[in-house]
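This report refers to the structure that appears directly beneath it.
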Amino acid sequence: MSSEYQSLYRKYRPAAFSEIIGQRHVTQTLANAIKAARISHAYLFCGPRGTGKTTTARVLAMALNCVKGTTAEPCGDCEACLEIKRGASLDVIEFDAASHRGVDDIEELRRRFQFAPGQTRYKIYIIDEVHQLSDAAFDMLLKVLEEPPAQVVFVLATTEVHKIKPTILSRCQRFDFHRISPKELQERLQAVCKQEKLQAEDAALSLLA
């Protein structure tokens, strides 16, 4: 990935619910729940790759920890939001279950729960590819979800929800992400090109989408 592409990717990565395309049924529900102070201790984001599950999890983390206060519209500019965007927040832990799937890995996470958030209101644990956990690791995760620590929010993400144990499903608020339509992707690409003063033919953008 070129540095130019990477910088554009970071520059235009959504930092608010309103900037996430194709998943309004998810983002609107999350925003409304935050406005009503109905924060779940565990969320399950399901859907194909590339639909915005991890991005939405990061925006949720900003919404809960923004210096403005818990808000459906995080500022994106305070220290807490910037650290989350950079992946540098000590209180937002992203965990890849595909490469850390054992019971010892979940036990290590559980040990961290004993400590209160260092700089923010909530500790957020984003567990990607959660369906890859071993049976023993799932059992330990279930124990955590049965007695969730205060000020801790879990976001579990999966592309294979049928592999998630029913006992885990029953303890999470589930959101199903849909494939983003080519039309929505093309419109987003057109907006980026306009912002960057780049010229691109509609046919080329349609092919990329």
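Following the order of the structure tokens, first chain is A, next is B, and so on, with residues numbered from 1 inside each chain and ligands from 1 in the order they appear.
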Surrounding residues of range 72-89 of chain A excluding itself and chain neighbours under 2 positions, 9 Å, only C-alpha atoms, as an mmCIF file with C-alpha atoms, in the first residue's frame:
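Written out: part_6.cif:
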data_model
loop_
_atom_site.group_PDB
_atom_site.id
_atom_site.type_symbol
_atom_site.label_atom_id
_atom_site.label_comp_id
_atom_site.auth_asym_id
_atom_site.auth_seq_id
_atom_site.Cartn_x
_atom_site.Cartn_y
_atom_site.Cartn_z
ATOM 1 C CA ARG A 10 -6.746 7.416 6.962
ATOM 2 C CA ARG A 13 -11.862 6.828 7.296
ATOM 3 C CA ALA A 15 -14.997 9.234 12.349
ATOM 4 C CA ALA A 16 -18.728 9.684 12.980
ATOM 5 C CA PHE A 17 -21.836 7.552 12.584
ATOM 6 C CA SER A 18 -23.082 9.922 9.865
ATOM 7 C CA LEU A 30 -26.536 3.017 17.987
ATOM 8 C CA ALA A 31 -26.819 6.811 17.919
ATOM 9 C CA ASN A 32 -30.362 6.729 19.320
ATOM 10 C CA ALA A 33 -29.315 4.337 22.095
ATOM 11 C CA ILE A 34 -26.413 6.589 23.085
ATOM 12 C CA LYS A 35 -28.689 9.641 23.167
ATOM 13 C CA ARG A 58 -14.079 2.546 16.593
ATOM 14 C CA VAL A 59 -16.703 5.252 16.111
ATOM 15 C CA LEU A 60 -18.697 3.721 18.963
ATOM 16 C CA ALA A 61 -15.558 3.872 21.118
ATOM 17 C CA MET A 62 -15.168 7.568 20.281
ATOM 18 C CA ALA A 63 -18.839 8.210 21.025
ATOM 19 C CA LEU A 64 -18.484 6.666 24.479
ATOM 20 C CA ASN A 65 -15.158 8.287 25.354
ATOM 21 C CA CYS A 66 -15.203 11.706 23.650
ATOM 22 C CA VAL A 67 -14.127 14.548 25.937
ATOM 23 C CA LYS A 68 -17.459 16.230 25.099
ATOM 24 C CA GLY A 69 -19.107 13.455 27.080
ATOM 25 C CA THR A 70 -20.893 10.331 25.909
ATOM 26 C CA ASP A 91 -8.419 2.029 26.827
ATOM 27 C CA VAL A 92 -9.529 0.750 23.406
ATOM 28 C CA ILE A 93 -8.044 -2.686 22.820
ATOM 29 C CA GLU A 94 -8.382 -4.367 19.428
ATOM 30 C CA GLN A 119 -7.859 8.158 30.667
ATOM 31 C CA THR A 120 -11.420 7.622 29.461
#
Item checked: Which of range 30-178 of chain A DSSP labels strand (DSSP E or B), written as a list of chain:residue names ->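 Put together, the selection reads A:Ala42, A:Tyr43, A:Leu44, A:Phe45, A:Cys46, A:Val92, A:Ile93, A:Glu94, A:Phe95, A:Asp96, A:Lys123, A:Ile124, A:Tyr125, A:Ile126, A:Ile127, A:Asp128, A:Val152, A:Val153, A:Phe154, A:Val155, A:Leu156, A:Ala157, A:Thr158, A:Gln173, A:Arg174, A:Phe175, A:Asp176.
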Notebook entry, point to check: Residues at most 7 Å from Lys123 in chain A, counting only C-alpha atoms, excluding those fewer than 2 positions away in the same chain, as a ChimeraX atom specification?
Noted result: /A:91-92,117,125,151-153
Checklist line | DSSP-assigned alpha helix (DSSP H) among chain A, expressed as a ChimeraX atom specification | finding: /A:3-11,24-35,53-65,79-86,103-112,135-146,166-169,182-195,202-208
Note to self: Using Å and a single decimal, report how far CA of His25 in chain A sits from CA of Leu156 in chain A.
What the structure shows: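 Computed distance, CA of Leu156 in chain A to CA of His25 in chain A, equals 18.0 Å.
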Next item on the list: Tell me which of A:Glu19, A:Asp139, A:Asp96, A:Asp104 sits closest to Pro166 in chain A, counting only C-alpha atoms.
Entry: A:Asp139
Note to self: Using only C-alpha atoms, can you tell me which of A:Ser134, A:Lys53, A:Leu141, A:Arg121 comes closest to Glu108 in chain A?
What the structure shows: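 Closest to Glu108 in chain A, using only C-alpha atoms: A:Leu141.
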